[in-house]
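Participant: Compact mmCIF, C-alpha atoms, file entry25.txt:
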```txt
# COMPACT_ATOMS: atom_id res chain seq x y z
CA MET W 1 10.03 -55.90 -21.39
CA PRO W 2 11.90 -54.26 -18.46
CA LYS W 3 12.34 -51.18 -20.61
CA LEU W 4 8.62 -50.89 -21.22
CA TRP W 5 7.93 -51.41 -17.54
CA ASN W 6 10.37 -48.61 -16.65
CA GLU W 7 8.79 -46.35 -19.20
CA THR W 8 5.39 -46.97 -17.69
CA ILE W 9 6.68 -46.12 -14.22
CA GLU W 10 8.39 -43.02 -15.56
CA GLU W 11 5.23 -41.93 -17.30
CA HIS W 12 3.21 -42.48 -14.16
CA ARG W 13 5.66 -40.43 -12.08
CA ARG W 14 5.53 -37.60 -14.58
CA ALA W 15 1.73 -37.65 -14.51
CA VAL W 16 1.70 -37.50 -10.70
CA ARG W 17 4.17 -34.61 -10.65
CA LYS W 18 2.17 -32.77 -13.27
CA THR W 19 -1.05 -33.20 -11.29
CA VAL W 20 0.63 -31.93 -8.12
CA LEU W 21 2.05 -28.88 -9.88
CA ASP W 22 -1.25 -28.09 -11.63
CA VAL W 23 -3.10 -28.19 -8.32
CA THR W 24 -0.35 -26.06 -6.74
CA GLY W 25 -0.82 -23.42 -9.45
CA ALA W 26 -4.56 -23.41 -8.84
CA LEU W 27 -4.06 -23.06 -5.07
CA VAL W 28 -1.58 -20.19 -5.54
CA ALA W 29 -4.03 -18.40 -7.83
CA GLU W 30 -6.91 -18.89 -5.41
CA GLN W 31 -5.31 -18.36 -2.05
CA GLY W 32 -1.79 -17.04 -2.54
CA LEU W 33 1.45 -18.79 -1.65
CA ARG W 34 0.57 -19.23 2.00
CA GLY W 35 -2.56 -21.11 1.02
CA VAL W 36 -0.52 -24.00 -0.37
CA THR W 37 -0.11 -26.83 2.16
CA MET W 38 0.65 -30.52 1.86
CA SER W 39 -2.80 -31.46 3.16
CA ARG W 40 -4.61 -29.22 0.68
CA ILE W 41 -2.57 -30.62 -2.20
CA ALA W 42 -3.25 -34.18 -1.04
CA GLU W 43 -6.95 -33.46 -0.70
CA ARG W 44 -7.30 -31.70 -4.04
CA THR W 45 -5.22 -34.19 -6.05
CA GLY W 46 -6.63 -37.26 -4.36
CA ILE W 47 -3.07 -38.49 -3.83
CA GLY W 48 -2.44 -39.92 -0.37
CA ARG W 49 -0.19 -37.91 1.90
CA ALA W 50 2.29 -40.78 2.25
CA THR W 51 2.63 -40.99 -1.55
CA LEU W 52 2.88 -37.23 -1.87
CA TYR W 53 5.81 -37.19 0.57
CA LYS W 54 7.59 -39.76 -1.60
CA TYR W 55 7.56 -37.24 -4.44
CA PHE W 56 8.24 -34.06 -2.48
CA PRO W 57 9.78 -33.83 1.00
CA ASP W 58 7.93 -30.60 1.86
CA VAL W 59 5.70 -27.86 0.54
CA GLU W 60 8.71 -25.61 -0.21
CA SER W 61 10.05 -28.16 -2.69
CA ILE W 62 6.63 -28.32 -4.38
CA LEU W 63 6.52 -24.54 -4.66
CA ALA W 64 10.07 -24.49 -6.00
CA ALA W 65 9.22 -27.14 -8.64
CA TRP W 66 6.07 -25.27 -9.60
CA HIS W 67 7.99 -22.00 -9.89
CA GLU W 68 10.72 -23.61 -11.97
CA CYS W 69 8.02 -24.97 -14.27
CA GLN W 70 6.53 -21.48 -14.59
CA ILE W 71 9.90 -19.99 -15.52
CA GLU W 72 10.45 -22.70 -18.13
CA GLY W 73 7.06 -21.82 -19.58
CA HIS W 74 8.10 -18.17 -19.75
CA LEU W 75 11.33 -19.08 -21.51
CA GLU W 76 9.37 -21.01 -24.13
CA GLU W 77 7.06 -18.04 -24.58
CA LEU W 78 10.05 -15.73 -25.05
CA ALA W 79 11.72 -18.15 -27.47
CA ALA W 80 8.55 -18.12 -29.61
CA VAL W 81 8.66 -14.30 -29.70
CA ARG W 82 12.37 -14.34 -30.53
CA ASP W 83 11.75 -16.62 -33.51
CA CYS W 84 9.31 -14.22 -35.18
CA PRO W 85 10.60 -12.43 -38.30
CA GLY W 86 12.41 -9.10 -37.94
CA SER W 87 15.85 -7.54 -37.50
CA PRO W 88 17.78 -8.50 -34.35
CA GLY W 89 16.87 -5.14 -32.83
CA GLU W 90 13.17 -5.59 -33.53
CA ARG W 91 13.16 -9.12 -32.18
CA LEU W 92 15.05 -8.00 -29.08
CA THR W 93 12.49 -5.27 -28.42
CA ALA W 94 9.64 -7.76 -28.89
CA VAL W 95 11.27 -10.19 -26.42
CA LEU W 96 11.86 -7.46 -23.83
CA ASP W 97 8.28 -6.32 -24.23
CA ALA W 98 7.02 -9.89 -23.69
CA TYR W 99 9.28 -10.27 -20.64
CA ALA W 100 8.00 -7.03 -19.10
CA ARG W 101 4.39 -8.21 -19.58
CA ILE W 102 5.20 -11.53 -17.90
CA GLN W 103 6.71 -9.64 -14.95
CA ARG W 104 3.59 -7.52 -14.61
CA ARG W 105 1.28 -10.56 -14.86
CA ARG W 106 3.29 -12.53 -12.28
CA HIS W 107 3.34 -9.69 -9.84
CA GLY W 108 -0.43 -9.33 -10.10
CA HIS W 109 -0.78 -13.01 -9.17
CA ASP W 110 0.99 -12.79 -5.90
CA PRO W 111 3.45 -10.02 -5.09
CA GLU W 112 5.05 -12.19 -2.42
CA ILE W 113 6.16 -14.85 -4.88
CA GLY W 114 9.40 -13.09 -5.67
CA ALA W 115 10.38 -12.53 -2.07
CA VAL W 116 9.50 -16.05 -0.94
CA LEU W 117 10.84 -18.07 -3.85
CA HIS W 118 13.74 -16.02 -5.10
CA ARG W 119 15.98 -17.49 -2.47
CA GLY W 120 15.84 -20.92 -4.10
CA GLN W 121 18.71 -22.46 -6.01
CA HIS W 122 16.41 -23.25 -8.95
CA VAL W 123 15.78 -19.55 -9.51
CA ALA W 124 19.48 -18.76 -9.73
CA HIS W 125 19.67 -21.51 -12.35
CA ALA W 126 16.65 -20.27 -14.31
CA GLU W 127 17.95 -16.69 -14.18
CA GLN W 128 21.25 -17.87 -15.64
CA HIS W 129 19.28 -19.48 -18.44
CA LEU W 130 17.38 -16.26 -19.07
CA ILE W 131 20.58 -14.17 -19.02
CA ARG W 132 22.14 -16.59 -21.54
CA PHE W 133 19.04 -16.41 -23.73
CA LEU W 134 19.02 -12.60 -23.78
CA ALA W 135 22.80 -12.29 -24.10
CA ASP W 136 22.70 -14.36 -27.32
CA LEU W 137 20.00 -12.10 -28.74
CA LEU W 138 21.94 -9.00 -27.68
CA ALA W 139 25.10 -10.35 -29.32
CA GLU W 140 23.16 -10.68 -32.59
CA GLY W 141 22.08 -7.07 -32.16
CA VAL W 142 25.67 -5.95 -31.60
CA GLU W 143 26.72 -7.73 -34.79
CA ALA W 144 23.91 -6.00 -36.70
CA GLY W 145 25.04 -2.62 -35.28
CA GLU W 146 21.71 -2.19 -33.48
CA VAL W 147 23.01 -2.71 -29.95
CA ARG W 148 25.92 -0.96 -28.21
CA ALA W 149 29.22 -2.83 -28.39
CA ASP W 150 30.98 -1.11 -25.47
CA VAL W 151 29.38 -3.33 -22.78
CA ALA W 152 29.39 -7.14 -22.79
CA PRO W 153 26.07 -8.80 -23.78
CA ASP W 154 25.71 -10.63 -20.45
CA GLU W 155 26.03 -7.38 -18.53
CA LEU W 156 23.46 -5.81 -20.84
CA ALA W 157 21.20 -8.82 -20.27
CA ALA W 158 21.37 -8.38 -16.47
CA TYR W 159 20.59 -4.67 -16.93
CA CYS W 160 17.49 -5.56 -19.03
CA LEU W 161 16.14 -8.14 -16.57
CA HIS W 162 16.52 -5.81 -13.60
CA ALA W 163 15.20 -2.72 -15.36
CA LEU W 164 12.14 -4.60 -16.64
CA SER W 165 11.37 -6.05 -13.22
CA ALA W 166 10.03 -2.53 -12.55
CA ALA W 167 7.03 -3.63 -14.66
CA GLY W 168 5.77 -5.58 -11.63
CA GLY W 169 4.73 -2.34 -9.94
CA LEU W 170 3.39 -0.46 -12.97
CA PRO W 171 -0.28 0.50 -13.13
CA SER W 172 -0.94 0.18 -16.90
CA GLU W 173 0.05 -1.47 -20.17
CA ALA W 174 1.02 1.97 -21.48
CA ALA W 175 3.46 2.41 -18.59
CA VAL W 176 4.96 -1.01 -19.41
CA ARG W 177 5.49 0.10 -23.02
CA ARG W 178 7.24 3.26 -21.83
CA LEU W 179 9.48 1.23 -19.51
CA VAL W 180 10.47 -1.04 -22.42
CA ARG W 181 11.22 2.02 -24.58
CA VAL W 182 13.48 3.55 -21.92
CA THR W 183 15.24 0.23 -21.30
CA VAL W 184 15.82 -0.34 -25.02
CA ASP W 185 17.18 3.22 -25.38
CA GLY W 186 19.88 2.27 -22.88
CA LEU W 187 20.97 -0.49 -25.28
CA ARG W 188 21.45 1.67 -28.37
CA PRO W 189 24.95 2.16 -29.79
CA SER W 190 26.25 5.17 -27.86
CA GLN W 191 26.40 8.51 -29.60
CA SER W 192 27.89 10.30 -26.62
CA VAL W 193 31.47 10.25 -25.32
CA MET S 194 9.74 20.37 34.99
CA PRO S 195 7.54 17.65 33.49
CA LYS S 196 8.85 18.62 30.07
CA LEU S 197 12.44 18.05 31.10
CA TRP S 198 11.53 14.74 32.65
CA ASN S 199 9.85 13.66 29.42
CA GLU S 200 12.85 14.77 27.42
CA THR S 201 15.13 12.68 29.59
CA ILE S 202 12.93 9.62 29.08
CA GLU S 203 12.80 10.28 25.36
CA GLU S 204 16.57 10.61 25.19
CA HIS S 205 17.01 7.40 27.12
CA ARG S 206 14.66 5.53 24.81
CA ARG S 207 16.50 6.80 21.76
CA ALA S 208 19.81 5.71 23.26
CA VAL S 209 18.46 2.21 23.96
CA ARG S 210 17.07 1.90 20.43
CA LYS S 211 20.36 3.09 18.96
CA THR S 212 22.34 0.56 21.02
CA VAL S 213 20.01 -2.25 19.91
CA LEU S 214 20.28 -1.27 16.24
CA ASP S 215 24.07 -0.88 16.41
CA VAL S 216 24.44 -4.35 17.88
CA THR S 217 22.01 -5.70 15.27
CA GLY S 218 24.18 -4.25 12.51
CA ALA S 219 27.27 -5.86 14.03
CA LEU S 220 25.51 -9.24 14.31
CA VAL S 221 24.29 -9.07 10.69
CA ALA S 222 27.82 -8.24 9.52
CA GLU S 223 29.34 -11.08 11.57
CA GLN S 224 26.79 -13.84 11.18
CA GLY S 225 24.24 -12.84 8.57
CA LEU S 226 20.54 -12.18 9.12
CA ARG S 227 19.85 -15.57 10.63
CA GLY S 228 22.47 -14.93 13.28
CA VAL S 229 20.34 -12.18 14.81
CA THR S 230 18.23 -13.41 17.75
CA MET S 231 16.62 -11.72 20.74
CA SER S 232 18.93 -13.54 23.16
CA ARG S 233 22.09 -12.53 21.31
CA ILE S 234 20.99 -8.93 21.18
CA ALA S 235 20.14 -8.98 24.89
CA GLU S 236 23.48 -10.56 25.71
CA ARG S 237 25.54 -8.21 23.55
CA THR S 238 23.76 -4.99 24.58
CA GLY S 239 23.52 -5.92 28.25
CA ILE S 240 19.82 -5.00 28.12
CA GLY S 241 17.58 -7.47 29.92
CA ARG S 242 15.28 -9.55 27.71
CA ALA S 243 12.16 -8.22 29.45
CA THR S 244 13.22 -4.63 28.71
CA LEU S 245 14.18 -5.52 25.15
CA TYR S 246 10.70 -6.92 24.53
CA LYS S 247 9.20 -3.62 25.72
CA TYR S 248 11.03 -1.90 22.88
CA PHE S 249 10.58 -4.51 20.15
CA PRO S 250 7.98 -7.29 20.12
CA ASP S 251 10.19 -9.65 18.07
CA VAL S 252 13.42 -9.99 16.15
CA GLU S 253 11.68 -9.20 12.83
CA SER S 254 10.71 -5.76 14.09
CA ILE S 255 14.31 -5.14 15.18
CA LEU S 256 15.59 -6.16 11.75
CA ALA S 257 12.97 -3.96 10.09
CA ALA S 258 13.96 -0.96 12.24
CA TRP S 259 17.64 -1.58 11.55
CA HIS S 260 16.97 -1.86 7.83
CA GLU S 261 14.90 1.33 7.82
CA CYS S 262 17.75 3.08 9.58
CA GLN S 263 20.17 1.81 6.93
CA ILE S 264 17.97 3.10 4.13
CA GLU S 265 17.71 6.49 5.82
CA GLY S 266 21.49 6.58 6.01
CA HIS S 267 21.68 5.81 2.28
CA LEU S 268 19.23 8.59 1.51
CA GLU S 269 21.41 11.05 3.47
CA GLU S 270 24.45 9.83 1.55
CA LEU S 271 22.63 10.31 -1.76
CA ALA S 272 21.39 13.77 -0.71
CA ALA S 273 24.99 14.81 0.01
CA VAL S 274 26.01 13.67 -3.49
CA ARG S 275 23.02 15.47 -5.04
CA ASP S 276 24.06 18.72 -3.37
CA CYS S 277 27.53 18.76 -4.97
CA PRO S 278 28.06 21.34 -7.72
CA GLY S 279 27.28 20.43 -11.34
CA SER S 280 24.52 20.48 -13.95
CA PRO S 281 21.35 18.52 -13.14
CA GLY S 282 22.52 15.77 -15.51
CA GLU S 283 25.93 15.51 -13.84
CA ARG S 284 24.44 15.44 -10.36
CA LEU S 285 21.92 12.83 -11.46
CA THR S 286 24.69 10.60 -12.82
CA ALA S 287 26.68 11.04 -9.59
CA VAL S 288 23.64 10.08 -7.49
CA LEU S 289 22.91 7.00 -9.64
CA ASP S 290 26.55 6.00 -9.39
CA ALA S 291 26.45 6.33 -5.58
CA TYR S 292 23.20 4.33 -5.45
CA ALA S 293 24.67 1.52 -7.56
CA ARG S 294 27.68 1.33 -5.24
CA ILE S 295 25.41 1.13 -2.20
CA GLN S 296 23.51 -1.72 -3.85
CA ARG S 297 26.72 -3.60 -4.50
CA ARG S 298 28.01 -3.03 -0.95
CA ARG S 299 24.72 -4.13 0.62
CA HIS S 300 24.55 -7.25 -1.47
CA GLY S 301 28.08 -8.19 -0.41
CA HIS S 302 26.99 -7.94 3.22
CA ASP S 303 24.22 -10.46 2.99
CA PRO S 304 22.52 -11.39 -0.25
CA GLU S 305 19.48 -12.62 1.65
CA ILE S 306 18.69 -9.23 3.12
CA GLY S 307 16.65 -8.19 0.13
CA ALA S 308 14.58 -11.36 0.04
CA VAL S 309 13.93 -11.46 3.77
CA LEU S 310 13.31 -7.80 4.48
CA HIS S 311 11.79 -6.52 1.28
CA ARG S 312 8.41 -7.78 2.31
CA GLY S 313 8.18 -5.25 5.14
CA GLN S 314 5.93 -2.21 5.05
CA HIS S 315 8.84 0.04 6.03
CA VAL S 316 10.65 -0.83 2.80
CA ALA S 317 7.69 0.15 0.65
CA HIS S 318 7.74 3.46 2.52
CA ALA S 319 11.49 3.99 2.13
CA GLU S 320 11.30 3.05 -1.55
CA GLN S 321 8.62 5.68 -2.05
CA HIS S 322 10.94 8.17 -0.44
CA LEU S 323 13.77 7.15 -2.78
CA ILE S 324 11.50 7.32 -5.85
CA ARG S 325 10.40 10.82 -4.77
CA PHE S 326 14.02 11.88 -4.25
CA LEU S 327 15.10 10.66 -7.68
CA ALA S 328 11.98 11.92 -9.45
CA ASP S 329 12.72 15.45 -8.23
CA LEU S 330 16.26 15.24 -9.55
CA LEU S 331 15.01 13.81 -12.85
CA ALA S 332 12.46 16.62 -13.17
CA GLU S 333 15.32 19.13 -12.82
CA GLY S 334 17.13 17.25 -15.57
CA VAL S 335 14.05 17.40 -17.82
CA GLU S 336 13.84 21.14 -17.29
CA ALA S 337 17.51 21.52 -18.21
CA GLY S 338 16.93 19.43 -21.36
CA GLU S 339 19.33 16.74 -20.11
CA VAL S 340 16.69 14.09 -19.39
CA ARG S 341 13.96 12.78 -21.71
CA ALA S 342 10.60 14.48 -21.29
CA ASP S 343 8.43 11.77 -22.89
CA VAL S 344 8.20 9.61 -19.73
CA ALA S 345 7.12 10.87 -16.29
CA PRO S 346 9.96 11.38 -13.76
CA ASP S 347 8.52 8.89 -11.26
CA GLU S 348 8.43 6.15 -13.92
CA LEU S 349 12.01 7.00 -14.85
CA ALA S 350 12.93 6.86 -11.16
CA ALA S 351 11.48 3.33 -10.83
CA TYR S 352 13.39 2.31 -13.97
CA CYS S 353 16.65 3.62 -12.45
CA LEU S 354 16.20 1.88 -9.09
CA HIS S 355 15.39 -1.46 -10.71
CA ALA S 356 18.10 -1.26 -13.37
CA LEU S 357 20.76 -0.35 -10.80
CA SER S 358 19.74 -3.17 -8.47
CA ALA S 359 21.67 -5.31 -11.00
CA ALA S 360 24.79 -3.87 -9.33
CA GLY S 361 24.24 -6.32 -6.45
CA GLY S 362 25.42 -9.20 -8.65
CA LEU S 363 28.26 -7.46 -10.46
CA PRO S 364 31.83 -8.64 -9.98
CA SER S 365 33.76 -5.34 -10.24
CA GLU S 366 33.63 -1.57 -9.83
CA ALA S 367 34.23 -1.24 -13.57
CA ALA S 368 31.11 -3.31 -14.28
CA VAL S 369 29.13 -1.04 -11.92
CA ARG S 370 30.35 2.01 -13.88
CA ARG S 371 29.23 0.38 -17.14
CA LEU S 372 25.80 -0.41 -15.66
CA VAL S 373 25.40 3.23 -14.59
CA ARG S 374 26.40 4.38 -18.10
CA VAL S 375 23.84 2.12 -19.77
CA THR S 376 21.11 3.15 -17.29
CA VAL S 377 21.86 6.86 -17.79
CA ASP S 378 21.79 6.40 -21.59
CA GLY S 379 18.20 5.20 -21.21
CA LEU S 380 17.36 8.57 -19.64
CA ARG S 381 18.70 10.79 -22.42
CA PRO S 382 16.31 12.91 -24.48
CA SER S 383 15.25 10.54 -27.26
CA GLN S 384 16.71 11.07 -30.70
CA SER S 385 14.80 8.19 -32.26
CA VAL S 386 11.15 8.03 -33.28
```
Please express what this file holds, its structure, as structure tokens.

Facilitator:
Amino acid sequence: MPKLWNETIEEHRRAVRKTVLDVTGALVAEQGLRGVTMSRIAERTGIGRATLYKYFPDVESILAAWHECQIEGHLEELAAVRDCPGSPGERLTAVLDAYARIQRRRHGHDPEIGAVLHRGQHVAHAEQHLIRFLADLLAEGVEAGEVRADVAPDELAAYCLHALSAAGGLPSEAAVRRLVRVTVDGLRPSQSV
Amino acid sequence: MPKLWNETIEEHRRAVRKTVLDVTGALVAEQGLRGVTMSRIAERTGIGRATLYKYFPDVESILAAWHECQIEGHLEELAAVRDCPGSPGERLTAVLDAYARIQRRRHGHDPEIGAVLHRGQHVAHAEQHLIRFLADLLAEGVEAGEVRADVAPDELAAYCLHALSAAGGLPSEAAVRRLVRVTVDGLRPSQSV
């Protein structure tokens, strides 16, 4: 019985958190980051302010949780692309292409998001996850002879993430495709000395 | 006569601004961005607070002016490297190498600088300047057949700046050299379809 009771509480907490983060996403989309306040979240969710503060000490922690959730969603999206059929090189290109599109989409949402939230600890953590994810894929590519072996996969992964963040400022899908092509060309086994 | 008088005033203003920005740089180096306050600057420069506020309305505008000044200094540094002898490709590589080192140095200073100051209008302006500077160099490289011609120079310039910003997180000079190599490889005339 106590177990069931705990599970019910846990489920309830998760539901509350999910509601708060959903409303936060809607507020960000409508009004930008600065439009998100504790009172607006309380009003829109119907959760009392006192209860809301039991879940999150301030609006920054809500935004951080929402952002973390977004990044996890992106990682799942990228994992789905990675698991499509193809050679390691093809799958890598598909993942980098998907990542560049996510960057462009995010930037369109609210260009300030990066500057405001990138200071958080959770982003450093999520970026590590992303680097790990890409480095594994790059290591597969190295083994298949499709990716250069003279630079460690985690350094190549950091190069990819930074290079593709340029997608945030690009005006068209075609420009994003060109950026991915250039970035991938930097990963090819080197022909030069 | 009035002209001379105006020149004297102008010179005085420039000297005051320079003193304020020098002290700002020292404070950033010693205590990080958050250590810079109007009172500390007033105290350290010996300029009265009332006078200081005539020059800068708030500490953010001082930090922005200091940062702009830094970026201008970097551009001069890069221009000096660009003007060394060599083929367009060699000079391009030297400039990208110098830029990556600047990124690493800046990041060491205060990793928050980017997040805090990159929102400013002056940075967008300085970045445009940097993109222009690199795009010109890349165009020379295209003409010499040393840089790919299938992507516009300004898109390649944005790729370079973003890719090399990875240098901020790199642990060694050797890793910076590898990053530059990978980035430059992305710029080579494409052999693949």

Participant: Rounded to one decimal in Å, what is the spacing between CA of Gln296 in chain S and CA of Ala219 in chain S?

Facilitator: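 If I compute the distance from CA of Gln296 in chain S to CA of Ala219 in chain S, I get 18.7 Å.
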
Participant: What does the distance between CA of Ala208 in chain S and CA of Ala273 in chain S come to in Å, to one decimal place?

Facilitator: 25.5 Å

Participant: For range 290-295 of chain S, work out the shell of residues within 9 Å, counting all atoms listed in the file and skipping chain neighbours fewer than 5 positions away, then give it as a ChimeraX atom specification.

Facilitator: /S:267,270-271,274,285,300,354,357-361,366,369-370,372-374

Participant: Set the cut-off to 7 Å and count all atoms listed in the file: what are the residues of chain S that reach chain W? Output as a list in words.

Facilitator: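 Residues satisfying the distance criterion: Ala308, Val309, Arg312, Val344, Ala351, Tyr352, His355, Ala356, Ser358, Ala359, Arg371, Leu372, Val375, Thr376, Asp378, Gly379 and Leu380 of chain S.
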
Participant: For the residues selected in the previous step, produce a file with C-alpha atoms as an mmCIF file, in the frame of the given file.

Facilitator:
```cif
data_model
loop_
_atom_site.group_PDB
_atom_site.id
_atom_site.type_symbol
_atom_site.label_atom_id
_atom_site.label_comp_id
_atom_site.auth_asym_id
_atom_site.auth_seq_id
_atom_site.Cartn_x
_atom_site.Cartn_y
_atom_site.Cartn_z
ATOM 1 C CA ALA S 308 14.580 -11.360 0.040
ATOM 2 C CA VAL S 309 13.930 -11.460 3.770
ATOM 3 C CA ARG S 312 8.410 -7.780 2.310
ATOM 4 C CA VAL S 344 8.200 9.610 -19.730
ATOM 5 C CA ALA S 351 11.480 3.330 -10.830
ATOM 6 C CA TYR S 352 13.390 2.310 -13.970
ATOM 7 C CA HIS S 355 15.390 -1.460 -10.710
ATOM 8 C CA ALA S 356 18.100 -1.260 -13.370
ATOM 9 C CA SER S 358 19.740 -3.170 -8.470
ATOM 10 C CA ALA S 359 21.670 -5.310 -11.000
ATOM 11 C CA ARG S 371 29.230 0.380 -17.140
ATOM 12 C CA LEU S 372 25.800 -0.410 -15.660
ATOM 13 C CA VAL S 375 23.840 2.120 -19.770
ATOM 14 C CA THR S 376 21.110 3.150 -17.290
ATOM 15 C CA ASP S 378 21.790 6.400 -21.590
ATOM 16 C CA GLY S 379 18.200 5.200 -21.210
ATOM 17 C CA LEU S 380 17.360 8.570 -19.640
#
```

Participant: Set up a box along x, y and z of the file covering all listed atoms of range 177-187 of chain W, add 3 Å on every one of the six sides, and write the centre and edge lengths in Å to one decimal, as AutoDock Vina command-line options.

Facilitator:
```
--center_x 13.2 --center_y 1.3 --center_z -22.4 --size_x 21.5 --size_y 10.6 --size_z 11.9
```

Participant: What does the structure give for the distance between CA of Gln31 in chain W and CA of Gly48 in chain W, in Å to one decimal?

Facilitator: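 Taking CA of Gln31 in chain W as the start and CA of Gly48 in chain W as the end point, the length is 21.8 Å.
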
Participant: Please write all heavy atoms of range 267-273 of chain S, from the structure given just now, as a PDB file, in the first residue's frame.

Facilitator:
```pdb
ATOM      1  N   HIS S 267      41.301  42.997 -31.713  1.00  0.00           N
ATOM      2  CA  HIS S 267      41.471  41.686 -32.345  1.00  0.00           C
ATOM      3  C   HIS S 267      41.489  41.819 -33.864  1.00  0.00           C
ATOM      4  O   HIS S 267      42.276  41.163 -34.541  1.00  0.00           O
ATOM      5  CB  HIS S 267      40.337  40.750 -31.928  1.00  0.00           C
ATOM      6  CG  HIS S 267      40.320  40.475 -30.463  1.00  0.00           C
ATOM      7  ND1 HIS S 267      39.191  40.079 -29.785  1.00  0.00           N
ATOM      8  CD2 HIS S 267      41.300  40.542 -29.536  1.00  0.00           C
ATOM      9  CE1 HIS S 267      39.477  39.926 -28.505  1.00  0.00           C
ATOM     10  NE2 HIS S 267      40.749  40.197 -28.332  1.00  0.00           N
ATOM     11  N   LEU S 268      40.624  42.680 -34.372  1.00  0.00           N
ATOM     12  CA  LEU S 268      40.585  42.868 -35.830  1.00  0.00           C
ATOM     13  C   LEU S 268      41.919  43.416 -36.335  1.00  0.00           C
ATOM     14  O   LEU S 268      42.412  42.994 -37.385  1.00  0.00           O
ATOM     15  CB  LEU S 268      39.448  43.819 -36.211  1.00  0.00           C
ATOM     16  CG  LEU S 268      38.101  43.144 -36.429  1.00  0.00           C
ATOM     17  CD1 LEU S 268      36.990  44.173 -36.514  1.00  0.00           C
ATOM     18  CD2 LEU S 268      38.125  42.310 -37.712  1.00  0.00           C
ATOM     19  N   GLU S 269      42.509  44.346 -35.568  1.00  0.00           N
ATOM     20  CA  GLU S 269      43.820  44.885 -35.972  1.00  0.00           C
ATOM     21  C   GLU S 269      44.881  43.787 -35.959  1.00  0.00           C
ATOM     22  O   GLU S 269      45.711  43.697 -36.857  1.00  0.00           O
ATOM     23  CB  GLU S 269      44.241  46.019 -35.035  1.00  0.00           C
ATOM     24  CG  GLU S 269      43.570  47.346 -35.384  1.00  0.00           C
ATOM     25  CD  GLU S 269      43.764  48.388 -34.303  1.00  0.00           C
ATOM     26  OE1 GLU S 269      44.766  48.317 -33.561  1.00  0.00           O
ATOM     27  OE2 GLU S 269      42.890  49.274 -34.179  1.00  0.00           O
ATOM     28  N   GLU S 270      44.809  42.945 -34.929  1.00  0.00           N
ATOM     29  CA  GLU S 270      45.743  41.828 -34.810  1.00  0.00           C
ATOM     30  C   GLU S 270      45.603  40.914 -36.034  1.00  0.00           C
ATOM     31  O   GLU S 270      46.597  40.499 -36.637  1.00  0.00           O
ATOM     32  CB  GLU S 270      45.371  41.073 -33.526  1.00  0.00           C
ATOM     33  CG  GLU S 270      46.462  40.233 -32.933  1.00  0.00           C
ATOM     34  CD  GLU S 270      46.007  39.610 -31.610  1.00  0.00           C
ATOM     35  OE1 GLU S 270      45.255  40.265 -30.851  1.00  0.00           O
ATOM     36  OE2 GLU S 270      46.403  38.456 -31.340  1.00  0.00           O
ATOM     37  N   LEU S 271      44.349  40.602 -36.383  1.00  0.00           N
ATOM     38  CA  LEU S 271      44.102  39.703 -37.508  1.00  0.00           C
ATOM     39  C   LEU S 271      44.538  40.351 -38.830  1.00  0.00           C
ATOM     40  O   LEU S 271      45.068  39.675 -39.710  1.00  0.00           O
ATOM     41  CB  LEU S 271      42.619  39.328 -37.578  1.00  0.00           C
ATOM     42  CG  LEU S 271      42.089  38.512 -36.393  1.00  0.00           C
ATOM     43  CD1 LEU S 271      40.599  38.276 -36.540  1.00  0.00           C
ATOM     44  CD2 LEU S 271      42.835  37.189 -36.256  1.00  0.00           C
ATOM     45  N   ALA S 272      44.338  41.673 -38.940  1.00  0.00           N
ATOM     46  CA  ALA S 272      44.744  42.360 -40.169  1.00  0.00           C
ATOM     47  C   ALA S 272      46.257  42.289 -40.335  1.00  0.00           C
ATOM     48  O   ALA S 272      46.766  42.114 -41.439  1.00  0.00           O
ATOM     49  CB  ALA S 272      44.264  43.809 -40.145  1.00  0.00           C
ATOM     50  N   ALA S 273      46.986  42.400 -39.220  1.00  0.00           N
ATOM     51  CA  ALA S 273      48.451  42.321 -39.276  1.00  0.00           C
ATOM     52  C   ALA S 273      48.875  40.936 -39.767  1.00  0.00           C
ATOM     53  O   ALA S 273      49.791  40.800 -40.581  1.00  0.00           O
ATOM     54  CB  ALA S 273      49.045  42.611 -37.903  1.00  0.00           C
TER      55      ALA S 273
END
```
